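Reproduced below: entry_28.pdb, with PDB, C-alpha atoms, pLDDT in the B column.
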ATOM      1  CA  MET O  14      81.701  46.949 114.671  1.00 54.00           C
ATOM      2  CA  LYS O  15      81.718  50.715 114.323  1.00 64.00           C
ATOM      3  CA  SER O  16      84.391  52.583 116.243  1.00 66.00           C
ATOM      4  CA  PRO O  17      83.304  55.261 118.732  1.00 75.00           C
ATOM      5  CA  MET O  18      86.293  57.305 117.561  1.00 82.00           C
ATOM      6  CA  LEU O  19      86.122  59.891 114.813  1.00 89.00           C
ATOM      7  CA  PRO O  20      87.062  58.268 111.490  1.00 92.00           C
ATOM      8  CA  ALA O  21      90.297  60.243 111.099  1.00 94.00           C
ATOM      9  CA  GLU O  22      91.369  59.462 114.673  1.00 95.00           C
ATOM     10  CA  HIS O  23      90.498  55.814 114.223  1.00 94.00           C
ATOM     11  CA  GLN O  24      92.505  55.520 111.008  1.00 95.00           C
ATOM     12  CA  ALA O  25      95.497  57.299 112.579  1.00 96.00           C
ATOM     13  CA  ALA O  26      95.378  54.990 115.591  1.00 96.00           C
ATOM     14  CA  MET O  27      95.134  51.947 113.327  1.00 95.00           C
ATOM     15  CA  ARG O  28      98.151  53.060 111.294  1.00 97.00           C
ATOM     16  CA  ARG O  29     100.143  53.789 114.440  1.00 97.00           C
ATOM     17  CA  VAL O  30      99.388  50.493 116.177  1.00 96.00           C
ATOM     18  CA  LEU O  31     100.341  48.557 113.042  1.00 96.00           C
ATOM     19  CA  GLU O  32     103.543  50.566 112.729  1.00 96.00           C
ATOM     20  CA  LEU O  33     104.441  49.899 116.366  1.00 95.00           C
ATOM     21  CA  GLY O  34     103.742  46.194 116.027  1.00 92.00           C
ATOM     22  CA  ARG O  35     105.926  45.902 112.950  1.00 93.00           C
ATOM     23  CA  SER O  36     108.760  47.883 114.495  1.00 93.00           C
ATOM     24  CA  GLY O  37     110.166  45.032 116.553  1.00 92.00           C
ATOM     25  CA  ASP O  38     111.261  47.674 119.060  1.00 95.00           C
ATOM     26  CA  PRO O  39     110.658  46.636 122.687  1.00 95.00           C
ATOM     27  CA  ALA O  40     110.896  50.310 123.687  1.00 95.00           C
ATOM     28  CA  LYS O  41     107.499  50.806 121.990  1.00 95.00           C
ATOM     29  CA  LEU O  42     105.777  48.602 124.591  1.00 95.00           C
ATOM     30  CA  SER O  43     104.616  51.542 126.708  1.00 95.00           C
ATOM     31  CA  GLU O  44     102.994  53.271 123.726  1.00 96.00           C
ATOM     32  CA  LEU O  45     101.213  50.063 122.756  1.00 96.00           C
ATOM     33  CA  ILE O  46      99.994  49.617 126.320  1.00 95.00           C
ATOM     34  CA  ALA O  47      98.597  53.152 126.200  1.00 95.00           C
ATOM     35  CA  MET O  48      96.729  52.242 123.006  1.00 95.00           C
ATOM     36  CA  LEU O  49      94.879  49.495 124.890  1.00 92.00           C
ATOM     37  CA  SER O  50      92.770  52.253 126.440  1.00 91.00           C
ATOM     38  CA  THR O  51      91.477  53.635 123.136  1.00 91.00           C
ATOM     39  CA  PRO O  52      87.707  53.310 122.705  1.00 90.00           C
ATOM     40  CA  SER O  53      88.114  51.256 119.521  1.00 91.00           C
ATOM     41  CA  ASN O  54      87.878  47.484 119.929  1.00 89.00           C
ATOM     42  CA  GLU O  55      89.832  47.066 116.711  1.00 91.00           C
ATOM     43  CA  VAL O  56      92.713  49.234 117.910  1.00 93.00           C
ATOM     44  CA  GLN O  57      92.714  47.417 121.254  1.00 92.00           C
ATOM     45  CA  ARG O  58      92.817  44.025 119.530  1.00 91.00           C
ATOM     46  CA  LEU O  59      95.689  45.036 117.269  1.00 93.00           C
ATOM     47  CA  ALA O  60      97.591  46.591 120.172  1.00 94.00           C
ATOM     48  CA  ALA O  61      97.230  43.363 122.169  1.00 92.00           C
ATOM     49  CA  SER O  62      98.543  41.381 119.216  1.00 90.00           C
ATOM     50  CA  ALA O  63     101.455  43.777 118.748  1.00 93.00           C
ATOM     51  CA  ILE O  64     102.361  43.535 122.433  1.00 92.00           C
ATOM     52  CA  GLY O  65     102.585  39.773 122.023  1.00 87.00           C
ATOM     53  CA  LYS O  66     104.855  40.166 119.005  1.00 87.00           C
ATOM     54  CA  LEU O  67     107.212  42.504 120.881  1.00 89.00           C
ATOM     55  CA  ALA O  68     107.834  39.779 123.449  1.00 82.00           C
ATOM     56  CA  GLU O  69     109.896  38.025 120.774  1.00 84.00           C
ATOM     57  CA  PHE O  70     112.139  41.078 120.639  1.00 90.00           C
ATOM     58  CA  GLY O  71     112.806  41.365 124.366  1.00 90.00           C
ATOM     59  CA  ALA O  72     109.920  43.500 125.630  1.00 91.00           C
ATOM     60  CA  ASP O  73     109.333  43.215 129.378  1.00 92.00           C
ATOM     61  CA  ALA O  74     107.098  40.143 129.573  1.00 90.00           C
ATOM     62  CA  ALA O  75     105.817  40.889 133.096  1.00 93.00           C
ATOM     63  CA  VAL O  76     104.669  44.361 132.077  1.00 93.00           C
ATOM     64  CA  ALA O  77     103.110  43.020 128.878  1.00 90.00           C
ATOM     65  CA  VAL O  78     101.212  40.264 130.669  1.00 89.00           C
ATOM     66  CA  ALA O  79      99.957  42.644 133.355  1.00 91.00           C
ATOM     67  CA  SER O  80      98.584  45.050 130.744  1.00 88.00           C
ATOM     68  CA  LEU O  81      96.952  42.272 128.744  1.00 88.00           C
ATOM     69  CA  ALA O  82      95.427  40.698 131.850  1.00 87.00           C
ATOM     70  CA  LEU O  83      93.546  43.921 132.523  1.00 81.00           C
ATOM     71  CA  LEU O  84      92.298  44.006 128.951  1.00 81.00           C
ATOM     72  CA  ALA O  85      91.148  40.382 129.125  1.00 81.00           C
ATOM     73  CA  ILE O  86      88.956  41.304 132.073  1.00 81.00           C
ATOM     74  CA  LYS O  87      87.518  44.618 130.891  1.00 78.00           C
ATOM     75  CA  ALA O  88      87.434  44.474 127.063  1.00 75.00           C
ATOM     76  CA  ARG O  89      84.003  44.992 125.512  1.00 75.00           C
ATOM     77  CA  HIS O  90      84.586  42.706 122.551  1.00 71.00           C
ATOM     78  CA  PRO O  91      85.149  38.936 122.936  1.00 72.00           C
ATOM     79  CA  GLN O  92      87.831  38.844 120.243  1.00 73.00           C
ATOM     80  CA  THR O  93      89.751  41.537 122.114  1.00 74.00           C
ATOM     81  CA  GLN O  94      89.452  39.589 125.365  1.00 68.00           C
ATOM     82  CA  GLN O  95      90.805  36.503 123.676  1.00 70.00           C
TER
END
Mind turning the file's structure into structure tokens?
Amino acid sequence: MKSPMLPAEHQAAMRRVLELGRSGDPAKLSELIAMLSTPSNEVQRLAASAIGKLAEFGADAAVAVASLALLAIKARHPQTQQ
């Protein structure tokens, strides 16, 4: 699926979301939540996955679940909703 973002913006967002997910830093939760609102389904999907991974490192589970619940309802792509 083609991203509605400019290619350079899309690639930068992809790199950043992967970096945040690999960081293991629960303080990055708010930045990942912000990335859920990007227009790219791929970035949204990776951000959702990264949020789940940060739970293992002590991220606020209630905040994470609340942000993911909204995405599950409004995401345009079924894989992102999942």
### Task
Can you pull out every residue within 10 Å of Ser80 in chain O, counting all atoms listed in the file, but drop anything in the same chain fewer than 3 positions away, and send it as number ranges by chain?
O: 43, 45-47, 49, 61, 64, 74-77, 83-85
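Minimum atom-to-atom distance to Met18 in chain O, evaluated using all atoms listed in the file, belongs to O:Val56 out of O:Ala79, O:Val56, O:Ala72, O:Ala88.
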### Query
Exactly which residues make up the result of the PyMOL selection byres ((chain O and resi 59) around 10) on this file, given as a PyMOL selection string?
chain O and resi 27+30-31+34+45+48-49+54-58+60-65+93
### Message
Quick check, in Å to one decimal: how far apart do CA of Lys66 in chain O and CA of Gln92 in chain O lie?
### Response
17.1 Å
### Message
One decimal, in Å: what's the spacing between CA of Leu81 in chain O and CA of Leu42 in chain O?
### Response
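One can read the CA of Leu81 in chain O to CA of Leu42 in chain O distance as 11.6 Å.
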Take the PyMOL selection byres ((chain O and resi 38) around 10), apply it to the structure above, and return the hits as a CSV table (one decimal) with C-alpha atoms, in the frame of the given file.
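Saved to result_17.csv:
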chain,number,residue,atom,x,y,z
O,33,LEU,CA,104.4,49.9,116.4
O,34,GLY,CA,103.7,46.2,116.0
O,35,ARG,CA,105.9,45.9,113.0
O,36,SER,CA,108.8,47.9,114.5
O,37,GLY,CA,110.2,45.0,116.6
O,39,PRO,CA,110.7,46.6,122.7
O,40,ALA,CA,110.9,50.3,123.7
O,41,LYS,CA,107.5,50.8,122.0
O,42,LEU,CA,105.8,48.6,124.6
O,66,LYS,CA,104.9,40.2,119.0
O,67,LEU,CA,107.2,42.5,120.9
O,68,ALA,CA,107.8,39.8,123.4
O,69,GLU,CA,109.9,38.0,120.8
O,70,PHE,CA,112.1,41.1,120.6
O,71,GLY,CA,112.8,41.4,124.4
O,72,ALA,CA,109.9,43.5,125.6
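Using all atoms listed in the file, the nearest neighbour of Arg89 in chain O within the list O:Glu32, O:Thr51, O:Glu44, O:Pro20 is O:Thr51.
Rounded to one decimal, CA of Arg29 in chain O and CA of Pro52 in chain O lie 14.9 Å from each other.
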Please, could N, CA and C atoms be added to range 24-46 of chain O and the result written as a short mmCIF file (atom, residue, chain, number, x, y, z; two decimals), keeping the file's coordinate frame?
data_model
loop_
_atom_site.label_atom_id
_atom_site.label_comp_id
_atom_site.auth_asym_id
_atom_site.auth_seq_id
_atom_site.Cartn_x
_atom_site.Cartn_y
_atom_site.Cartn_z
N GLN O 24 91.54 55.92 112.03
CA GLN O 24 92.50 55.52 111.01
C GLN O 24 93.94 55.81 111.45
N ALA O 25 94.16 56.96 112.09
CA ALA O 25 95.50 57.30 112.58
C ALA O 25 95.95 56.31 113.65
N ALA O 26 95.05 55.95 114.54
CA ALA O 26 95.38 54.99 115.59
C ALA O 26 95.67 53.62 114.99
N MET O 27 94.90 53.23 113.99
CA MET O 27 95.13 51.95 113.33
C MET O 27 96.51 51.92 112.66
N ARG O 28 96.84 52.99 111.95
CA ARG O 28 98.15 53.06 111.29
C ARG O 28 99.27 52.99 112.33
N ARG O 29 99.10 53.74 113.42
CA ARG O 29 100.14 53.79 114.44
C ARG O 29 100.34 52.44 115.13
N VAL O 30 99.26 51.78 115.48
CA VAL O 30 99.39 50.49 116.18
C VAL O 30 100.03 49.46 115.25
N LEU O 31 99.71 49.48 113.99
CA LEU O 31 100.34 48.56 113.04
C LEU O 31 101.83 48.87 112.89
N GLU O 32 102.14 50.14 112.83
CA GLU O 32 103.54 50.57 112.73
C GLU O 32 104.34 50.11 113.96
N LEU O 33 103.76 50.29 115.13
CA LEU O 33 104.44 49.90 116.37
C LEU O 33 104.64 48.38 116.42
N GLY O 34 103.64 47.64 116.01
CA GLY O 34 103.74 46.19 116.03
C GLY O 34 104.79 45.67 115.07
N ARG O 35 104.94 46.33 113.96
CA ARG O 35 105.93 45.90 112.95
C ARG O 35 107.34 46.37 113.27
N SER O 36 107.46 47.29 114.20
CA SER O 36 108.76 47.88 114.50
C SER O 36 109.76 46.90 115.09
N GLY O 37 109.26 45.95 115.87
CA GLY O 37 110.17 45.03 116.55
C GLY O 37 110.96 45.70 117.66
N ASP O 38 110.54 46.89 118.06
CA ASP O 38 111.26 47.67 119.06
C ASP O 38 110.60 47.52 120.42
N PRO O 39 111.26 46.83 121.37
CA PRO O 39 110.66 46.64 122.69
C PRO O 39 110.42 47.95 123.44
N ALA O 40 111.10 49.01 123.04
CA ALA O 40 110.90 50.31 123.69
C ALA O 40 109.52 50.88 123.37
N LYS O 41 108.84 50.34 122.38
CA LYS O 41 107.50 50.81 121.99
C LYS O 41 106.39 50.18 122.83
N LEU O 42 106.77 49.29 123.77
CA LEU O 42 105.78 48.60 124.59
C LEU O 42 104.87 49.58 125.33
N SER O 43 105.44 50.61 125.93
CA SER O 43 104.62 51.54 126.71
C SER O 43 103.59 52.27 125.84
N GLU O 44 103.95 52.61 124.61
CA GLU O 44 102.99 53.27 123.73
C GLU O 44 101.88 52.31 123.32
N LEU O 45 102.24 51.05 123.08
CA LEU O 45 101.21 50.06 122.76
C LEU O 45 100.27 49.83 123.93
N ILE O 46 100.83 49.79 125.13
CA ILE O 46 99.99 49.62 126.32
C ILE O 46 99.02 50.78 126.44
#
